[in-house]
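**Q** Next up, data-v6.txt (compact mmCIF, C-alpha atoms).
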# COMPACT_ATOMS: atom_id res chain seq x y z
CA MET V 644 -5.91 -14.06 -0.85
CA ARG V 645 -4.77 -14.74 -4.40
CA VAL V 646 -4.16 -12.61 -7.48
CA ILE V 647 -7.21 -13.06 -9.69
CA ALA V 648 -5.88 -12.51 -13.22
CA GLY V 649 -2.92 -11.50 -15.34
CA GLU V 650 0.73 -12.52 -15.21
CA ASN V 651 0.60 -13.34 -11.48
CA ARG V 652 -2.76 -15.11 -11.55
CA GLY V 653 -3.26 -17.59 -8.71
CA HIS V 654 -0.31 -16.43 -6.62
CA ARG V 655 -1.00 -16.05 -2.90
CA LEU V 656 -0.78 -12.68 -1.15
CA LYS V 657 0.20 -12.24 2.47
CA ALA V 658 -2.03 -10.15 4.76
CA PRO V 659 -0.44 -7.84 7.35
CA PRO V 660 0.02 -9.88 10.54
CA GLY V 661 -0.88 -8.74 14.01
CA ILE V 662 -3.04 -5.72 13.10
CA VAL V 663 -6.70 -5.28 12.30
CA THR V 664 -7.14 -5.00 8.54
CA ARG V 665 -10.05 -5.37 6.14
CA PRO V 666 -8.61 -7.04 3.05
CA THR V 667 -10.60 -6.46 -0.11
CA THR V 668 -12.25 -9.80 -0.81
CA ALA V 669 -11.80 -11.68 -4.06
CA ARG V 670 -15.45 -11.02 -4.90
CA VAL V 671 -15.03 -7.27 -4.47
CA ARG V 672 -11.73 -7.20 -6.37
CA HIS V 673 -13.30 -9.21 -9.19
CA SER V 674 -16.19 -6.73 -9.36
CA ILE V 675 -13.87 -3.73 -9.34
CA PHE V 676 -11.65 -5.02 -12.13
CA SER V 677 -14.58 -6.26 -14.19
CA ARG V 678 -16.06 -2.76 -14.09
CA LEU V 679 -12.71 -1.18 -14.90
CA GLY V 680 -11.96 -3.69 -17.64
CA SER V 681 -15.05 -2.73 -19.62
CA ARG V 682 -13.97 0.93 -19.54
CA LEU V 683 -10.20 1.12 -19.29
CA ASP V 684 -7.07 -0.53 -20.64
CA LEU V 685 -4.74 -0.99 -17.65
CA GLU V 686 -1.66 -1.52 -19.81
CA GLY V 687 1.05 0.99 -18.94
CA LEU V 688 -0.94 2.89 -16.31
CA ALA V 689 0.42 4.61 -13.20
CA VAL V 690 -1.59 3.43 -10.18
CA LEU V 691 -2.00 4.84 -6.67
CA ASP V 692 -3.25 2.45 -3.96
CA LEU V 693 -4.27 4.46 -0.86
CA PHE V 694 -4.85 2.72 2.49
CA ALA V 695 -3.16 -0.18 0.72
CA GLY V 696 -3.13 -2.82 3.49
CA SER V 697 -1.74 -5.92 1.77
CA GLY V 698 -1.48 -4.08 -1.54
CA SER V 699 -3.97 -6.42 -3.19
CA LEU V 700 -5.61 -3.81 -5.43
CA GLY V 701 -2.39 -2.27 -6.69
CA ILE V 702 -0.82 -5.70 -7.18
CA GLU V 703 -3.87 -6.87 -9.12
CA ALA V 704 -3.46 -3.83 -11.38
CA LEU V 705 0.24 -4.63 -11.90
CA SER V 706 -0.58 -8.24 -12.73
CA ARG V 707 -3.02 -6.98 -15.36
CA GLY V 708 -0.47 -4.74 -17.07
CA ALA V 709 -0.14 -1.48 -15.13
CA ALA V 710 3.37 -0.04 -15.44
CA HIS V 711 3.85 1.06 -11.83
CA ALA V 712 1.95 1.20 -8.57
CA THR V 713 2.53 3.43 -5.56
CA PHE V 714 1.26 1.95 -2.30
CA VAL V 715 0.42 4.23 0.65
CA ASP V 716 -0.27 2.96 4.15
CA SER V 717 0.52 4.46 7.54
CA SER V 718 1.30 1.07 9.10
CA PRO V 719 4.93 -0.11 8.97
CA VAL V 720 3.59 -3.67 9.22
CA SER V 721 1.45 -3.15 6.12
CA ALA V 722 4.37 -1.54 4.28
CA ALA V 723 6.56 -4.55 5.10
CA THR V 724 3.83 -6.93 3.92
CA ILE V 725 3.43 -5.09 0.62
CA ARG V 726 7.21 -5.16 0.12
CA ARG V 727 7.20 -8.91 0.73
CA ASN V 728 4.28 -9.51 -1.63
CA LEU V 729 5.93 -7.48 -4.39
CA GLY V 730 9.21 -9.29 -3.91
CA GLU V 731 7.66 -12.76 -3.97
CA LEU V 732 5.78 -11.91 -7.19
CA GLY V 733 8.81 -10.38 -8.91
CA LEU V 734 7.13 -6.97 -8.98
CA ALA V 735 9.48 -5.01 -6.69
CA ALA V 736 10.85 -2.86 -9.54
CA ARG V 737 7.32 -1.78 -10.47
CA GLY V 738 6.18 -0.76 -6.99
CA THR V 739 6.90 2.14 -4.65
CA ILE V 740 5.87 1.96 -1.00
CA VAL V 741 5.15 5.08 1.04
CA ALA V 742 4.77 4.30 4.76
CA ALA V 743 3.08 7.51 5.88
CA GLU V 744 -0.29 8.97 6.83
CA VAL V 745 -2.34 9.35 3.65
CA ARG V 746 -2.68 13.15 3.74
CA ARG V 747 1.07 13.63 4.23
CA ALA V 748 1.90 11.03 1.60
CA MET V 749 -0.35 12.70 -0.96
CA ALA V 750 1.31 16.06 -0.33
CA GLU V 751 4.75 14.47 -0.77
CA LEU V 752 3.72 12.79 -4.01
CA ALA V 753 2.33 16.07 -5.33
CA ALA V 754 5.55 17.89 -4.41
CA ARG V 755 7.46 15.34 -6.52
CA GLY V 756 5.14 15.99 -9.47
CA GLU V 757 3.60 12.50 -9.42
CA ARG V 758 0.40 11.94 -11.38
CA PHE V 759 -1.76 8.86 -11.60
CA ASP V 760 -4.11 7.28 -14.14
CA LEU V 761 -5.91 5.04 -11.64
CA VAL V 762 -6.43 5.52 -7.90
CA PHE V 763 -7.88 3.13 -5.33
CA ILE V 764 -9.31 4.54 -2.08
CA ASP V 765 -10.24 2.13 0.72
CA ALA V 766 -10.42 4.37 3.80
CA PRO V 767 -11.13 2.82 7.23
CA TYR V 768 -14.86 2.42 7.79
CA ARG V 769 -14.63 4.01 11.25
CA ASP V 770 -12.71 7.03 9.96
CA ASP V 771 -14.07 7.43 6.45
CA PHE V 772 -12.65 10.58 4.94
CA THR V 773 -13.09 9.45 1.33
CA ALA V 774 -14.55 12.84 0.33
CA GLU V 775 -11.48 14.65 1.68
CA VAL V 776 -9.18 12.29 -0.21
CA LEU V 777 -11.11 12.90 -3.43
CA ASP V 778 -10.83 16.66 -2.88
CA ARG V 779 -7.08 16.36 -2.26
CA LEU V 780 -6.54 14.27 -5.38
CA VAL V 781 -7.98 17.12 -7.42
CA ASP V 782 -6.52 20.02 -5.41
CA LEU V 783 -3.00 18.55 -5.42
CA LYS V 784 -3.20 17.76 -9.16
CA LEU V 785 -2.39 14.10 -8.59
CA LEU V 786 -4.64 12.92 -11.44
CA THR V 787 -3.87 12.69 -15.13
CA GLY V 788 -6.31 14.25 -17.56
CA GLN V 789 -8.58 11.24 -17.87
CA ALA V 790 -7.87 9.42 -14.61
CA TRP V 791 -10.18 6.93 -12.96
CA VAL V 792 -10.77 6.65 -9.21
CA VAL V 793 -12.27 3.68 -7.37
CA ALA V 794 -13.70 4.40 -3.90
CA GLU V 795 -14.66 1.54 -1.59
CA GLN V 796 -16.88 2.43 1.38
CA TYR V 797 -19.23 0.88 3.91
CA HIS V 798 -22.58 0.62 2.13
CA ARG V 799 -24.38 2.74 4.77
CA ALA V 800 -21.84 5.56 4.72
CA PRO V 801 -23.07 8.76 3.07
CA PRO V 802 -21.87 9.05 -0.51
CA PRO V 803 -18.92 11.46 -0.65
CA SER V 804 -19.48 15.01 -1.81
CA GLY V 805 -17.11 17.94 -2.11
CA ARG V 806 -15.13 20.16 -4.44
CA PHE V 807 -14.00 17.11 -6.43
CA GLY V 808 -17.45 17.04 -8.05
CA ASP V 809 -16.36 19.76 -10.45
CA ASP V 810 -13.60 17.50 -11.82
CA LEU V 811 -14.74 13.94 -11.14
CA THR V 812 -17.95 12.36 -12.39
CA ARG V 813 -19.35 9.26 -10.73
CA VAL V 814 -20.01 6.83 -13.57
CA SER V 815 -20.84 3.63 -11.68
CA VAL V 816 -21.88 2.53 -8.20
CA ALA V 817 -22.57 -0.97 -6.90
CA LYS V 818 -23.32 -2.58 -3.54
CA LEU V 819 -21.62 -5.88 -2.70
CA GLY V 820 -22.43 -7.14 0.77
CA ASP V 821 -21.28 -4.45 3.19
CA HIS V 822 -19.29 -2.67 0.47
CA ARG V 823 -20.26 0.16 -1.85
CA ILE V 824 -17.96 0.50 -4.85
CA ALA V 825 -18.03 3.76 -6.81
CA LEU V 826 -16.10 4.55 -9.98
CA TYR V 827 -15.24 8.14 -10.83
CA ARG V 828 -13.75 9.50 -14.01
CA ARG V 829 -11.93 12.74 -14.53
CA ALA V 830 -13.48 13.97 -17.73
CA ASN V 831 -11.57 17.20 -18.30
CA GLY V 832 -7.98 18.15 -18.91
CA PRO V 833 -5.47 16.88 -21.47
CA GLU V 834 -5.63 13.35 -22.80
CA SER V 835 -3.69 10.70 -20.94
CA HIS V 836 -2.65 7.23 -21.99
CA GLY V 837 -5.41 5.76 -19.80
CA GLU V 838 -8.03 5.84 -22.53
CA PRO V 839 -11.46 4.25 -22.16
CA ARG V 840 -12.17 1.36 -24.47
In structure tokens, what does this structure look like?

**A**
Amino acid sequence: MRVIAGENRGHRLKAPPGIVTRPTTARVRHSIFSRLGSRLDLEGLAVLDLFAGSGSLGIEALSRGAAHATFVDSSPVSAATIRRNLGELGLAARGTIVAAEVRRAMAELAARGERFDLVFIDAPYRDDFTAEVLDRLVDLKLLTGQAWVVAEQYHRAPPPSGRFGDDLTRVSVAKLGDHRIALYRRANGPESHGEPR
């Protein structure tokens, strides 16, 4: 895996060793950031990378100008890999790693008053609780007023539905191989610095 664009373009990323992971492929990452790039200026954004694995999505956002990324993964091996990737790219000061189960981590972030302009969700295909995560993002007030959320799912999984639909609007959906990539925008609340272009 390599960083696709930005200040760290071309740099290799380590994958977590010894555990089963599903790294987001370069093709999928390119599609995600192409879709975001036509809608959103990443410069200065606060990013949340859930089920982070190697941290490739959050690191790609940092390379493209995001101010800070918080990486959440329950695996200590993944957390160590993300820490190594950030260190090797000189991004350690712009990343926070939370090695905890996603639900618990989100509650802790909310308790600290954290809010995010861009969130990546890449839940395990065999335990896809994307809809619950979307609900929690809204319920815990983890999103800024005009936040964007990217949800990556298995293409045959049912599209998520839940309470989040009152706050998040799905603005784009695409199928890439076995992946379905959906972009959501929070269209209410106060303005944030994550303005659409």

**Q** With all atoms listed in the file as the atoms that count, which of V:Asn728, V:Ser699, V:Ser706, V:Gln796 lies nearest to Leu685 of chain V?

**A**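 Once distances to Leu685 of chain V are computed over all atoms listed in the file, the minimum belongs to V:Ser706.
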
**Q** Quick one: of V:Ser677, V:Gln789, V:Ser804, V:Ser717, who's nearest to Glu775 of chain V, counting only C-alpha atoms?

**A** V:Ser804

**Q** Enumerate, in order of chain and increasing residue number, the residues of segment 748-795 of chain V with an atom no farther than 7 Å from segment 686-695 of chain V, each with its shortest atom pair and distance in Å to one decimal, counting only C-alpha atoms, as JSON lines.

**A**
{"residue": "V:Phe759", "atom": "CA", "partner": "V:Ala689", "partner_atom": "CA", "distance": 5.0}
{"residue": "V:Asp760", "atom": "CA", "partner": "V:Ala689", "partner_atom": "CA", "distance": 5.3}
{"residue": "V:Leu761", "atom": "CA", "partner": "V:Val690", "partner_atom": "CA", "distance": 4.8}
{"residue": "V:Val762", "atom": "CA", "partner": "V:Leu691", "partner_atom": "CA", "distance": 4.6}
{"residue": "V:Phe763", "atom": "CA", "partner": "V:Asp692", "partner_atom": "CA", "distance": 4.9}
{"residue": "V:Ile764", "atom": "CA", "partner": "V:Leu693", "partner_atom": "CA", "distance": 5.2}
{"residue": "V:Asp765", "atom": "CA", "partner": "V:Phe694", "partner_atom": "CA", "distance": 5.7}
{"residue": "V:Ala766", "atom": "CA", "partner": "V:Phe694", "partner_atom": "CA", "distance": 6.0}

**Q** Considering all atoms listed in the file, state which residue in the set V:Glu795, V:Val715, V:Ala800, V:Val781 is at the smallest distance from Thr667 of chain V.

**A**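 Closest residue, counting all atoms listed in the file: V:Glu795.
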
**Q** Quick one: of V:Gly653, V:Pro803, V:Pro767, V:Gly696, who's nearest to Phe714 of chain V, counting only C-alpha atoms?

**A** V:Gly696

**Q** Can you pull out every residue within 12 Å of Arg747 of chain V, counting all atoms listed in the file, but drop anything in the same chain fewer than 6 positions away, and send it as a PyMOL selection string?

**A** chain V and resi 693+715-717+741+753-754+776+779+783

**Q** Could you write out that same residue set with C-alpha atoms as a compact mmCIF listing (two decimals), keeping the file's coordinate frame?

**A**
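After the write, again-v3.txt holds the following:
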# COMPACT_ATOMS: atom_id res chain seq x y z
CA LEU V 693 -4.27 4.46 -0.86
CA VAL V 715 0.42 4.23 0.65
CA ASP V 716 -0.27 2.96 4.15
CA SER V 717 0.52 4.46 7.54
CA VAL V 741 5.15 5.08 1.04
CA ALA V 753 2.33 16.07 -5.33
CA ALA V 754 5.55 17.89 -4.41
CA VAL V 776 -9.18 12.29 -0.21
CA ARG V 779 -7.08 16.36 -2.26
CA LEU V 783 -3.00 18.55 -5.42

**Q** For Val671 of chain V, which residue among V:Ile725, V:Met644, V:Leu683, V:Leu780 is the nearest when counting only C-alpha atoms?

**A**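 Distance minimum relative to Val671 of chain V lands on V:Met644.
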
**Q** Please report the interatomic distance between atom CA of Ala742 of chain V and atom CA of Asp778 of chain V in Å with one decimal.

**A**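 Distance reported for this atom pair: 21.3 Å.
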
**Q** Just want the 8 Å neighbourhood of Ser697 of chain V, counted on only C-alpha atoms, with same-chain residues fewer than 3 positions away dropped. Output as a PyMOL selection string.

**A** chain V and resi 656-659+666+721-722+724-725+728

**Q** Have a look at atom CA of Ile824 of chain V and atom CA of Ala794 of chain V and let me know their distance in Å, one decimal.

**A** 5.9 Å

**Q** Which of these, V:Leu786, V:Ala704, V:Arg655, V:Glu751, has the shortest distance to Leu679 of chain V once you count all atoms listed in the file?

**A**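 Closest residue, counting all atoms listed in the file: V:Ala704.
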
**Q** To one decimal place in Å, what is the distance between atom CA of Glu731 of chain V and atom CA of Pro719 of chain V?

**A** 18.3 Å

**Q** Kindly add N, CA and C atoms to the incomplete segment 671-704 of chain V and provide the output as a compact mmCIF listing (two decimals), in the frame of the given file.

**A**
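What follows is the written file part_39.txt:
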# COMPACT_ATOMS: atom_id res chain seq x y z
N VAL V 671 -15.05 -8.71 -4.25
CA VAL V 671 -15.03 -7.27 -4.47
C VAL V 671 -13.97 -6.90 -5.50
N ARG V 672 -12.78 -7.50 -5.38
CA ARG V 672 -11.73 -7.20 -6.37
C ARG V 672 -12.17 -7.60 -7.77
N HIS V 673 -12.82 -8.77 -7.88
CA HIS V 673 -13.30 -9.21 -9.19
C HIS V 673 -14.30 -8.21 -9.75
N SER V 674 -15.21 -7.71 -8.91
CA SER V 674 -16.19 -6.73 -9.36
C SER V 674 -15.51 -5.44 -9.80
N ILE V 675 -14.57 -4.97 -9.01
CA ILE V 675 -13.87 -3.73 -9.34
C ILE V 675 -13.18 -3.84 -10.70
N PHE V 676 -12.43 -4.91 -10.89
CA PHE V 676 -11.65 -5.02 -12.13
C PHE V 676 -12.52 -5.39 -13.32
N SER V 677 -13.63 -6.04 -13.10
CA SER V 677 -14.58 -6.26 -14.19
C SER V 677 -15.15 -4.93 -14.68
N ARG V 678 -15.50 -4.07 -13.73
CA ARG V 678 -16.06 -2.76 -14.09
C ARG V 678 -15.01 -1.88 -14.77
N LEU V 679 -13.78 -1.94 -14.25
CA LEU V 679 -12.71 -1.18 -14.90
C LEU V 679 -12.40 -1.74 -16.29
N GLY V 680 -12.36 -3.07 -16.38
CA GLY V 680 -11.96 -3.69 -17.64
C GLY V 680 -12.86 -3.37 -18.80
N SER V 681 -14.13 -3.08 -18.53
CA SER V 681 -15.05 -2.73 -19.62
C SER V 681 -14.92 -1.27 -20.03
N ARG V 682 -14.09 -0.51 -19.29
CA ARG V 682 -13.97 0.93 -19.54
C ARG V 682 -12.55 1.39 -19.80
N LEU V 683 -11.56 0.62 -19.38
CA LEU V 683 -10.20 1.12 -19.29
C LEU V 683 -9.20 0.03 -19.61
N ASP V 684 -8.19 0.37 -20.39
CA ASP V 684 -7.07 -0.53 -20.64
C ASP V 684 -6.00 -0.24 -19.59
N LEU V 685 -5.70 -1.20 -18.74
CA LEU V 685 -4.74 -0.99 -17.65
C LEU V 685 -3.29 -0.98 -18.11
N GLU V 686 -3.04 -1.41 -19.32
CA GLU V 686 -1.66 -1.52 -19.81
C GLU V 686 -0.93 -0.19 -19.72
N GLY V 687 0.19 -0.18 -19.00
CA GLY V 687 1.05 0.99 -18.94
C GLY V 687 0.61 2.08 -17.98
N LEU V 688 -0.43 1.84 -17.18
CA LEU V 688 -0.94 2.89 -16.31
C LEU V 688 -0.08 3.08 -15.06
N ALA V 689 -0.15 4.30 -14.51
CA ALA V 689 0.42 4.61 -13.20
C ALA V 689 -0.71 4.55 -12.18
N VAL V 690 -0.53 3.74 -11.14
CA VAL V 690 -1.59 3.43 -10.18
C VAL V 690 -1.20 3.92 -8.80
N LEU V 691 -2.19 4.44 -8.06
CA LEU V 691 -2.00 4.84 -6.67
C LEU V 691 -2.97 4.05 -5.81
N ASP V 692 -2.44 3.28 -4.85
CA ASP V 692 -3.25 2.45 -3.96
C ASP V 692 -3.17 3.06 -2.56
N LEU V 693 -4.24 3.78 -2.16
CA LEU V 693 -4.27 4.46 -0.86
C LEU V 693 -4.93 3.57 0.19
N PHE V 694 -4.42 3.62 1.42
CA PHE V 694 -4.85 2.72 2.49
C PHE V 694 -4.64 1.28 2.00
N ALA V 695 -3.42 0.99 1.56
CA ALA V 695 -3.16 -0.18 0.72
C ALA V 695 -3.28 -1.51 1.45
N GLY V 696 -3.03 -1.54 2.77
CA GLY V 696 -3.13 -2.82 3.49
C GLY V 696 -2.13 -3.83 2.99
N SER V 697 -2.62 -4.89 2.35
CA SER V 697 -1.74 -5.92 1.77
C SER V 697 -1.24 -5.54 0.39
N GLY V 698 -1.84 -4.48 -0.18
CA GLY V 698 -1.48 -4.08 -1.54
C GLY V 698 -2.23 -4.84 -2.62
N SER V 699 -3.31 -5.52 -2.24
CA SER V 699 -3.97 -6.42 -3.19
C SER V 699 -4.53 -5.72 -4.43
N LEU V 700 -5.04 -4.50 -4.27
CA LEU V 700 -5.61 -3.81 -5.43
C LEU V 700 -4.51 -3.34 -6.39
N GLY V 701 -3.49 -2.71 -5.84
CA GLY V 701 -2.39 -2.27 -6.69
C GLY V 701 -1.66 -3.42 -7.35
N ILE V 702 -1.49 -4.52 -6.62
CA ILE V 702 -0.82 -5.70 -7.18
C ILE V 702 -1.67 -6.33 -8.27
N GLU V 703 -2.98 -6.36 -8.08
CA GLU V 703 -3.87 -6.87 -9.12
C GLU V 703 -3.73 -6.04 -10.39
N ALA V 704 -3.63 -4.71 -10.22
CA ALA V 704 -3.46 -3.83 -11.38
C ALA V 704 -2.12 -4.11 -12.08
